[in-house]
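Taking it in order: structure first as structure tokens, then the write-up.
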Amino acid sequence: MTLVLRWPTCAHSVLRVTLGAIHADATIDAKPVLLPEAACAPRPPLWPDVWTAIKRDWLLLVLVMATAIAGAIASLWLPRIMGQLVNVISKSLTAAGSAPAMVATTGATATSWSHIVAALQPMNPPALRLLGLFVIKGVLTTMHIALVGVLGERMAARLRVRLYSALIHQDMAFFDISKSSELVARVATDVQEFKHTFKQCVTQGLRAMTEVTGSVLHLLHLSPSLTLALGISMPALYLLGTFYGAYLRRLSRHAKEVESTSMGTAGEGLGNVRTVKAYAAEDREVELFQAAAERAAKTNTKLAFHIGLFQGITSTSIGSMILIVLYYGGAQVAMGHMEPGELMSYLMATQAAQRSLASLGVLVGQYIKAKAAAQRVFEFTHRTPLIPTRGGQTLPSLRGDIEFSNVAFAYPARADQVVLNNFSLAVPAGTVVALCGSSGSGKTTVVSLLERFYDPRFGKVLLDGVNIRDLDPTWLREQIGYIAQQPALFSSSIRENIRYGRPDATNEEVEEAAKLANAHEFISNFSSGYETVVGERGTALSGGQRQRIAIAAAILKNPRVLILDEATSALDNQSERLVQEALDRLMKGRTVLVIAHRLTTIQNADLIVLMGKPQGKILEMGTHAQLMARRGAYYKLHHVGADI
Ligand SMILES: Nc1ncnc2c1ncn2[C@@H]1O[C@H](COP(=O)(O)OP(=O)(O)OP(=O)(O)O)[C@@H](O)[C@H]1O
């Protein structure tokens with residue numbers, strides 16, 4: 001029997017699980033095969049996603065495009081008006097060929113006002129046009145940069161929120177196989193890269209395309225024959241630049257990788273400095289780093305050589321082009337077919353066209369990179385979580401009866417390792433059940449299934465007789481309080497951390513919960529009291545303090561069902577007494593599942609469940625007295641006084 005499960009190694013990959021024999025007791029013989037992403041489903045097209053991200057700012061986008069095109073058109077006028085100005089100057093020079101002699105005979109100074117005004121007169125109209133053009137270009141540039149900045153930031157913020165929301169709503173199985181640093185990089189770096197290139201495409205792309213078109217038309221208008229001559233040589237140069245440019249980009253990427261590997265070697269050595277010193281391996285580490293650094297130097301030298309060659313070829317080509325224009329265009333001027341100003345205008349227009357073509361070439365490379373970044377950004381926004389956050393029924397009131405009925409389970413990331421097998425357990429409302437057993441026997445898995453972080457392969461988990469698959473997952477989790485072995489707090493204030501249990505709680509309710517959790521006193525001793533910031537993951541607090549804050553948050557949440565993952569490392573006596581007191585208050589009147597690590601702390605439980613190998617099997621079950629009287633595995637554990 002073959003079962004195909006949608007499985008998130010990426011949004012579109014599938015985990016194909018071949019289920020061999022499914023025995024009567026639901027033993028699973030599963031062999032997972034990961035199919036490559038591309039073989040599974042085509043990527044959704046990118047443009048609808050990009051459009052969704054910017055469509056709310058369509059007016060802004062139109063303005064950005066309009067200012068880019070208008071700016072480019074304004075630039076196109078520059079060579080023309082410059083040419084007009086040069087023509088005027090050259091005409092005045094011809095007309096005033098004998099002026100210096102006149103000045104010498106009359107004795108008038110060359111700088112007298114009347115001479116200056118007379119000399120400037122014909123230049124005024126083109127100079128004023130040029131000034132007007134500079135002002136228009138300046139205004140358009142300011143508007144464009146400001147508008148594209150606003151558009152880019154709004155789009156990036158929207159994308160980041162959409163991606164973060166898609167990620168945080170994924171199921172736990174997704175996080176089992178994803179590295180959080182990579183997910184954060186998607187939200188930060190990939191969005192940044194996409195934003196950067198998007199801005200460049202609408203800015204430089206549009207401008208360059210307009211400039212290339214306008215310049216070529218202008219060149220054709222000025223001298224069709226010269227333009228034709230250039231037109232034959234330019235594509236060859238352009239292609240050379242594009243291909244060599246692509247090779248250079250590949251080389252540069254490789255050089256970066258080699259360099260970051262060499263830095264990684266140094267980082268690893270320094271990061272593990274205790275181990276390095278303990279093995280007296282300093283010299284070995286230096287040798288490793290030296291080899292990596294030499295590899296990086298070799299690659300970078302190769303890159304530098306090719307960059308030099310590329311720049312040499314480019315500057316020779318550009319120089320040759322200018323020479324062709326001057327050589328051929330000079331002859332045209334000499335024959336009277338062209339004015340000097342037109343030749344200058346022509347030269348400027350070829351430069352503008354060449355610059356724009358070059359920036360289009362660079363943009364093509366960046367577009368490819370940005371497309372890959374955008375695909376990474378949008379990949380997860382299309383992924384439907386295996387277990388949704390919302391949807392399903394809620395119960396009007398909850399007693400807190402829990403039942404695991406013939407549950408079989410393997411983690412999706414390790415589908416061939418059965419963790420729970422034919423697991424059945426009833427926990428009546430209001431009782432305390434302790435799960436104990438060797439490490440890896442499946443205690444945490446049992447509570448993860450109750451919180452519906454995963455769905456069982458076979459069997460059911462019932463709450464008040466209702467299969468939790470039919471319940472709204474958010475509602476379900478609101479009914480369950482969880483105190484972790486080492487509660488990880490958020491790096492905000494103590495008040496905010498306690499309020500995480502119920503965001504709408506008043507300050508009085510927060511303090512009341514802290515008092516019940518034996519936390520009020522130590523919080524009040526901090527100079528900033530409830531406003532004290534607890535540091536990343538709560539590292540600025542002791543283990544016992546962190547636990548009492550987590551208990552306060554659970555008290556505020558007031559769940560019907562409580563899961564306690566007992567701390568493995570013992571607290572000091574005073575701290576343990578305070579935590580235990582707080583827990584006793586919290587447990588009163590609730591259904592409690594305790595993941596027990598110390599036999600001494602579970603003797604009062606209503607039911608003790610000893611789990612063990614083969615995995616997921618219940619070895620023994622009963623009260624402390626019953627299990628001791630049985631003189632079985634529990635008794636033996638107790639007898640040797642081992643922790644579990
Ligand atoms: N997210 C996961 N993905 C894949 N396998 C997992 C995952 N979590 C746990 N396992 C595996 O499932 C088995 C049961 O793990 P579980 O955490 O439930 O054991 P435990 O009894 O709570 O152990 P401990 O007392 O050490 O916390 C182990 O073999 C473990 O390696």
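Lettering and numbering for the structure tokens are positional, with chains as A, B, ... in the shown order, residues counted from 1 in each chain, and ligands counted from 1 in the shown order.
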Which chains and residue numbers are within 6 Å of ligand 1, counting only C-alpha atoms and all ligand atoms, if I want them as an mmCIF file with C-alpha atoms, in the first residue's frame?
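So the final result, stored in part-v6.cif, reads:
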```cif
data_model
loop_
_atom_site.group_PDB
_atom_site.id
_atom_site.type_symbol
_atom_site.label_atom_id
_atom_site.label_comp_id
_atom_site.auth_asym_id
_atom_site.auth_seq_id
_atom_site.Cartn_x
_atom_site.Cartn_y
_atom_site.Cartn_z
ATOM 1 C CA ASP A 176 11.064 20.017 12.686
ATOM 2 C CA TYR A 411 7.259 11.812 13.367
ATOM 3 C CA ALA A 413 10.536 13.873 9.617
ATOM 4 C CA ARG A 414 11.505 10.338 10.631
ATOM 5 C CA VAL A 419 7.362 6.342 18.454
ATOM 6 C CA SER A 439 14.648 8.891 27.712
ATOM 7 C CA GLY A 440 13.140 8.678 24.229
ATOM 8 C CA SER A 441 10.251 6.436 25.308
ATOM 9 C CA GLY A 442 7.697 8.910 23.935
ATOM 10 C CA LYS A 443 6.460 10.940 26.939
ATOM 11 C CA THR A 444 6.781 14.317 25.189
ATOM 12 C CA THR A 445 5.239 12.853 22.060
#
```
(request) Looking only at strand (DSSP E or B) from DSSP on the backbone, list the matching residues of stretch 574-613 of chain A as a PyMOL selection string. (result) chain A and resi 591-595+607-612
Output for the residues just chosen: N, CA and C atoms as an mmCIF file, in the first residue's frame:
```
data_model
loop_
_atom_site.group_PDB
_atom_site.id
_atom_site.type_symbol
_atom_site.label_atom_id
_atom_site.label_comp_id
_atom_site.auth_asym_id
_atom_site.auth_seq_id
_atom_site.Cartn_x
_atom_site.Cartn_y
_atom_site.Cartn_z
ATOM 1 N N THR A 591 -7.274 18.707 34.972
ATOM 2 C CA THR A 591 -6.714 17.436 34.507
ATOM 3 C C THR A 591 -5.239 17.706 34.233
ATOM 4 N N VAL A 592 -4.373 16.894 34.826
ATOM 5 C CA VAL A 592 -2.944 17.199 34.699
ATOM 6 C C VAL A 592 -2.179 15.995 34.155
ATOM 7 N N LEU A 593 -1.365 16.261 33.154
ATOM 8 C CA LEU A 593 -0.427 15.245 32.649
ATOM 9 C C LEU A 593 0.965 15.725 33.016
ATOM 10 N N VAL A 594 1.683 14.927 33.802
ATOM 11 C CA VAL A 594 3.036 15.327 34.199
ATOM 12 C C VAL A 594 4.036 14.445 33.468
ATOM 13 N N ILE A 595 4.994 15.096 32.788
ATOM 14 C CA ILE A 595 6.109 14.317 32.229
ATOM 15 C C ILE A 595 7.146 14.286 33.337
ATOM 16 N N LEU A 607 -2.432 8.377 38.861
ATOM 17 C CA LEU A 607 -2.052 7.249 38.010
ATOM 18 C C LEU A 607 -0.621 7.480 37.524
ATOM 19 N N ILE A 608 0.199 6.429 37.582
ATOM 20 C CA ILE A 608 1.558 6.522 37.048
ATOM 21 C C ILE A 608 1.640 5.591 35.849
ATOM 22 N N VAL A 609 2.130 6.142 34.719
ATOM 23 C CA VAL A 609 2.235 5.338 33.499
ATOM 24 C C VAL A 609 3.710 5.187 33.192
ATOM 25 N N LEU A 610 4.193 3.959 33.193
ATOM 26 C CA LEU A 610 5.607 3.734 32.896
ATOM 27 C C LEU A 610 5.725 3.326 31.430
ATOM 28 N N MET A 611 6.396 4.174 30.683
ATOM 29 C CA MET A 611 6.556 3.885 29.248
ATOM 30 C C MET A 611 7.959 3.337 29.012
ATOM 31 N N GLY A 612 8.106 2.562 27.953
ATOM 32 C CA GLY A 612 9.441 2.023 27.701
ATOM 33 C C GLY A 612 9.527 1.305 26.388
#
```
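The space between atom CA of A:Gly459 and atom CA of A:Asn422 spans 7.9 Å.
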(request) Do a neighbour search on A:Ala166 at 9 Å with only C-alpha atoms, toss out local chain neighbours closer than 5 positions, and write the hits as a ChimeraX atom specification. (result) /A:161,380-385
(request) Using only C-alpha atoms, determine which residues lie at most 9 Å from A:Thr227, disregarding the query and same-chain residues fewer than 6 positions distant; provide the list as a PyMOL selection string. (result) chain A and resi 216+219-220
Would you pick out the contacts of A:Arg590 at 9 Å or less, using only C-alpha atoms, so that residues sharing its chain but fewer than 6 positions from it are not included, and give the list as a CSV table (one decimal) with C-alpha atoms, in the first residue's frame?
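That gives us around.csv:
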```csv
chain,number,residue,atom,x,y,z
A,399,ARG,CA,-14.8,18.8,31.8
A,400,GLY,CA,-11.3,17.7,30.8
A,429,ALA,CA,-11.2,14.9,34.3
A,430,GLY,CA,-9.6,16.4,37.4
A,431,THR,CA,-6.9,13.6,37.9
A,432,VAL,CA,-3.2,13.8,37.8
A,559,PRO,CA,-6.8,26.1,31.4
A,560,ARG,CA,-8.8,23.0,32.1
A,561,VAL,CA,-6.0,20.7,31.1
A,562,LEU,CA,-2.4,21.2,32.3
```
(message) Residues within 9 Å of stretch 233-250 of chain A, please, as number ranges by chain. Count only C-alpha atoms; anything in the same chain fewer than 4 positions from it doesn't count.
(response) A: 229, 254-255, 303, 306-307, 310, 313-314, 317, 321, 354, 357-358, 361-362, 365
Please produce a file of those selected residues containing N, CA and C atoms, as an mmCIF file, in the first residue's frame.
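Dumped everything to selection_23.cif:
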```
data_model
loop_
_atom_site.group_PDB
_atom_site.id
_atom_site.type_symbol
_atom_site.label_atom_id
_atom_site.label_comp_id
_atom_site.auth_asym_id
_atom_site.auth_seq_id
_atom_site.Cartn_x
_atom_site.Cartn_y
_atom_site.Cartn_z
ATOM 1 N N ALA A 229 26.939 52.516 -39.094
ATOM 2 C CA ALA A 229 28.306 52.017 -38.871
ATOM 3 C C ALA A 229 28.479 51.571 -37.423
ATOM 4 N N HIS A 254 31.625 32.501 -6.755
ATOM 5 C CA HIS A 254 32.490 31.408 -6.300
ATOM 6 C C HIS A 254 33.512 31.944 -5.302
ATOM 7 N N ALA A 255 34.082 33.125 -5.637
ATOM 8 C CA ALA A 255 35.093 33.716 -4.741
ATOM 9 C C ALA A 255 34.480 33.998 -3.373
ATOM 10 N N LEU A 303 39.868 36.376 -9.988
ATOM 11 C CA LEU A 303 38.766 37.324 -10.203
ATOM 12 C C LEU A 303 39.323 38.700 -10.554
ATOM 13 N N HIS A 306 40.536 38.881 -14.147
ATOM 14 C CA HIS A 306 39.466 38.952 -15.147
ATOM 15 C C HIS A 306 38.734 40.282 -15.094
ATOM 16 N N ILE A 307 38.604 40.847 -13.892
ATOM 17 C CA ILE A 307 37.965 42.173 -13.816
ATOM 18 C C ILE A 307 38.828 43.182 -14.579
ATOM 19 N N PHE A 310 38.457 42.611 -18.293
ATOM 20 C CA PHE A 310 37.134 43.071 -18.730
ATOM 21 C C PHE A 310 37.132 44.596 -18.860
ATOM 22 N N ILE A 313 39.192 45.685 -21.904
ATOM 23 C CA ILE A 313 38.482 45.485 -23.178
ATOM 24 C C ILE A 313 37.396 46.548 -23.322
ATOM 25 N N THR A 314 36.653 46.788 -22.203
ATOM 26 C CA THR A 314 35.549 47.752 -22.265
ATOM 27 C C THR A 314 36.075 49.142 -22.603
ATOM 28 N N SER A 317 37.165 49.396 -26.175
ATOM 29 C CA SER A 317 36.020 49.398 -27.097
ATOM 30 C C SER A 317 35.345 50.765 -27.101
ATOM 31 N N MET A 321 35.009 53.380 -30.183
ATOM 32 C CA MET A 321 33.727 53.914 -30.663
ATOM 33 C C MET A 321 33.777 55.437 -30.780
ATOM 34 N N GLN A 354 25.180 53.914 -24.722
ATOM 35 C CA GLN A 354 26.088 52.862 -24.253
ATOM 36 C C GLN A 354 25.946 52.654 -22.749
ATOM 37 N N LEU A 357 22.640 50.841 -22.123
ATOM 38 C CA LEU A 357 22.714 49.423 -22.492
ATOM 39 C C LEU A 357 23.472 48.639 -21.433
ATOM 40 N N ALA A 358 24.565 49.244 -20.935
ATOM 41 C CA ALA A 358 25.360 48.559 -19.905
ATOM 42 C C ALA A 358 24.518 48.333 -18.663
ATOM 43 N N GLY A 361 22.181 45.505 -19.080
ATOM 44 C CA GLY A 361 22.897 44.226 -18.957
ATOM 45 C C GLY A 361 23.048 43.820 -17.503
ATOM 46 N N VAL A 362 23.439 44.800 -16.656
ATOM 47 C CA VAL A 362 23.599 44.509 -15.229
ATOM 48 C C VAL A 362 22.252 44.120 -14.627
ATOM 49 N N GLY A 365 21.125 40.458 -14.983
ATOM 50 C CA GLY A 365 21.732 39.573 -13.973
ATOM 51 C C GLY A 365 21.043 39.722 -12.633
#
```
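Checking A:Asn518, A:Glu211, A:Leu556, A:Leu230 one by one against A:Gln580, counting only C-alpha atoms, you find the shortest gap at A:Asn518.
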(message) If we count only C-alpha atoms and set the cut-off at 6 Å, which residues sit around stretch 538-547 of chain A, ignoring sequence neighbours fewer than 4 positions away in its own chain? Please answer as a ChimeraX atom specification.
(response) /A:489,534,575
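With only C-alpha atoms as the atoms that count, the minimum distance from A:Val62 to the choices A:Leu151, A:Leu516, A:Leu76, A:Leu140 is reached by A:Leu151.
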(message) One decimal, in Å: what's the spacing between atom CA of A:Ala266 and atom CA of A:Glu285?
(response) 8.1 Å
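Using only C-alpha atoms, the nearest neighbour of A:Ala554 within the list A:Val212, A:Ile81, A:Ile498, A:Met348 is A:Ile498.
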(message) Just checking: using only C-alpha atoms, which residue out of A:Leu363, A:Cys201, A:Leu222, A:Val117 ends up closest to A:Met338?
(response) A:Leu222
Closest contacts (stretch 396-469 of chain A/stretch 613-636 of chain A, max 10 Å, only C-alpha atoms) as a Markdown table:
```
| residue | atom | partner | partner_atom | distance |
| --- | --- | --- | --- | --- |
| A:Val407 | CA | A:Gly616 | CA | 9.4 |
| A:Ala408 | CA | A:Gly616 | CA | 8.4 |
| A:Phe409 | CA | A:Gly616 | CA | 8.8 |
| A:Gln417 | CA | A:Gln615 | CA | 9.3 |
| A:Val418 | CA | A:Gln615 | CA | 7.2 |
| A:Val419 | CA | A:Gly616 | CA | 5.4 |
| A:Leu420 | CA | A:Gly616 | CA | 3.8 |
| A:Asn421 | CA | A:Gly616 | CA | 5.3 |
| A:Asn422 | CA | A:Lys617 | CA | 7.4 |
| A:Phe423 | CA | A:Lys617 | CA | 6.4 |
| A:Ser424 | CA | A:Ile618 | CA | 8.4 |
| A:Leu425 | CA | A:Ile618 | CA | 8.9 |
| A:Val433 | CA | A:Thr623 | CA | 9.4 |
| A:Ala434 | CA | A:Thr623 | CA | 9.7 |
| A:Leu435 | CA | A:Met621 | CA | 9.4 |
| A:Cys436 | CA | A:Tyr634 | CA | 9.3 |
| A:Gly437 | CA | A:Leu619 | CA | 8.9 |
| A:Ser438 | CA | A:Lys613 | CA | 8.3 |
| A:Gly440 | CA | A:Gln615 | CA | 7.9 |
| A:Ser441 | CA | A:Gln615 | CA | 5.4 |
| A:Gly442 | CA | A:Gly616 | CA | 5.7 |
| A:Lys443 | CA | A:Gly616 | CA | 8.3 |
| A:Thr445 | CA | A:Gly616 | CA | 9.1 |
| A:Val446 | CA | A:Gly616 | CA | 9.0 |
```
(request) Return the single residue from A:Val148, A:Met335, A:Ile555, A:Ile89 that is closest to A:Ala66, with distances computed using only C-alpha atoms. (result) A:Val148
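Here atom CA of A:Phe526 stands at a distance of 20.2 Å from atom CA of A:Ala582.
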